[in-house]
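As structure tokens, the structure follows; a few thoughts come after it.
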Amino acid sequence: MRRKLICLLLCLTAALLPIAMTGCGSDDSTDTTDEEASARPAVSINLWLISEKEVSTETEAAIEEAFNEMTQSKFTTKVDLVYFTEDEYYAALDTKLKTAAEYKENNAASQIVLPGIAESTEETEETTAETIVNELGQRLLKYPDIGEGQLDIILLSGKDKLEAYASAGQLASMDTNLNSTSKILKDYIYPSFLEQTKYNKNTYAIPNNHVIGEYTYLLVNKALAEKYYIDTASLTTLASCAALIEDIGKNEPDVAPVLSYVDPVNMHYWLGDDSMSIFASYVPAVATLGSRTTMRSAFDTMNFTDHMLFMQKCKDNGWFAKDPENTETFGVAVMTGDYSLRDRYAEDYEVKVLSVPTLTEEIAYESMFAVTSYSANFDRAMEVITLLNTNAEAKNLLQYGVEGVHYEFDDDGNMIYLNDNYRMNNLYTGNALLAYPAPGEAADIRENGKAANRDSRISPYFGFSDVADSIDTDLLDDMRELSDAYIEKMNACTSEAELAAFFVNVKGELYSDETYKAALSTAEDSASPYAVYSRWFEKLWPSAE
């Protein structure tokens, strides 16, 4: 009953919020009618998966049997589940791809085809269906064995993997099916996932729908803001809360004016990771793909310097909570979290969004199903991929195993594991937003994920990795050395006055530094980050003249 209620709620949300494109859908969304199924030949395909722990033969057989009850009745397709742990997966996949390629090459001249090969038409397929008689005397469809050179659905994670296999001709293009028999995927997968993960303008993998990211919030104590006559509508950054924080610091000895130190918000650092550096761009909360940003010194960026000066002031005055983890009441805070965070604090705090979830390349390519060029039947493989992104029952079976064997629901409707025989990453088994809340997860976690996706933006740097390799690596090393030295000097300042003087004096030093000048070079032949980014941006979004 619990499972049915959860799926019903998921489906209802999808119907009410079609623009979210993340719903559950009715269970017959990918069904084939009995009449159509009876006219189809029996086809066997395989599905390669990454498990968090090794899956025993017994567990695999139980899940495979339950999964095939669905796929055989819906599509007349038998699916062989193939599990590897993450450390084993890609080595095994590369070996199998090599074997499949050799098989295809060695058997091309003899015109030997794999079982269930999709070159035949539906009309000719009808004549190839075979049957067997079981021990009860029932006549059943005979499912062929998986062929020696057969590799159907594979799981991929990472842009590099997708592009490597696609460029080698090892993946099949999906656009024809995505616009016809599998077009329902567009109603369940957030559109930016599908649009931004194309390779050479073709779709070679279907991203498994999942939550795009987190928010950054500004929290302001409502009662204290009212007490000190502060208009919360004017508070848009932590630094803009200075007057309120000072009042709390002077007059409220039992309240921490600021919960804890935080780094500047909405900054992009150019040295290849999230670590603070002096080479930075301020990225407004509304900036998205096609929005141009400017790389400059962080010390020339007011959003950075104002924030760091205020953080130093808070430190000088002892305004940070002594134990942030156990501080229930505070004046102001900046927090990162999911959609539900606003509800947790809404009663006592004004909660403002400083940044929304951002679709980066890492997130977009995090989990995808692809069909290889060695599939026995591409159309059947697409049906199974579609099932896993649109059908809650199939998704949850692959994610959690068999209900009553691997998990169950308690009297309060909460999922509990019955054993640790089967553990899968929710990203790797289809539409993550169709999964039941796992033990310890909030009941509304999936709905909140959909809401976050609707609020999301695409990173202004999405796709920049295509040209990032052309940046001078020696220059990057010099920039990193220069940046580390100046960040260390900044952190060595022991007062707000000292830090303010540092920001004034450092500009002249940097402007005359050869590495700094090289990093911001705009010469046509320059391989600086500034020049490479500018050429990339101008090519995609030419300036209007």
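Letters A, B, ... go to the chains of the structure tokens in the order shown; residues in each chain start at 1; ligands are counted from 1 in the same order.
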
### Message
Just want the 9 Å neighbourhood of range 217-229 of chain A, counted on only C-alpha atoms, with same-chain residues fewer than 5 positions away dropped. Output as a PyMOL selection string.
### Response
chain A and resi 235-238+241+244+247-248+329-337+341-342+345-356

### Task
Go through range 292-336 of chain A and collect every residue that DSSP, computed from the backbone, puts in alpha helix (DSSP H); the answer should be as a ChimeraX atom specification.
/A:302-317

#### Entry: Option closest in space to Ala438 in chain A, from A:Asn200, A:Asn414, A:Ser521, A:Ser456 [counting only C-alpha atoms]
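Of all the options, A:Asn414 lies closest to Ala438 in chain A.
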
### Task
Give the answer as one residue: which of A:Ile278, A:Ala468, A:Ala242, A:Leu540 has the shortest atom-to-atom distance to Met295 in chain A, using only C-alpha atoms?
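Checking each of A:Ile278, A:Ala468, A:Ala242, A:Leu540 against Met295 in chain A, counting only C-alpha atoms, the winner is A:Ile278.
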
### Message
Applying 10 Å and only C-alpha atoms, which residues near Ala518 in chain A remain after dropping the ones on its own chain fewer than 2 positions away? List them as number ranges by chain.
### Response
A: 475, 478-479, 513-516, 520-523, 526-531

#### Entry: Which of range 60-216 of chain A fall in strand (DSSP E), as a list in words
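Residues meeting the strand (DSSP E) criterion: Thr77, Lys78, Val79, Asp80, Leu81, Val82, Tyr83, Phe84, Thr85, Thr131, Ile132, Val133, Arg139, Leu140, Leu141, Ile153, Ile154, Leu155, Leu156, Ile206, Pro207, Tyr215 and Thr216 of chain A.
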
### Residue nearest Leu433 in chain A among A:Glu498, A:Ile212, A:Asp472, A:Val258 (counting only C-alpha atoms)
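Among the listed residues, the smallest separation from Leu433 in chain A belongs to A:Ile212.
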
### Task
Using only C-alpha atoms, pick whichever of A:Leu476, A:Asn421, A:Asp466, A:Glu383 has the shortest atom-to-atom distance to Thr57 in chain A.
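Of A:Leu476, A:Asn421, A:Asp466, A:Glu383, the one nearest Thr57 in chain A, counting only C-alpha atoms, is A:Asn421.
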
### Query
Between CA of Leu397 in chain A and CA of Glu130 in chain A, what is the distance, to one decimal in Å?
28.8 Å

### Message
Which residues are near Thr76 in chain A? Cut-off 7 Å, only C-alpha atoms, ignore same chain within fewer than 2 positions. Put them as a ChimeraX atom specification.
### Response
/A:37,40-43,71-74,78

### Query
Nearest to Ala287 in chain A: which of A:Ile458, A:Ile487, A:Ala443, A:Met267 is it, counting only C-alpha atoms?
A:Ile458
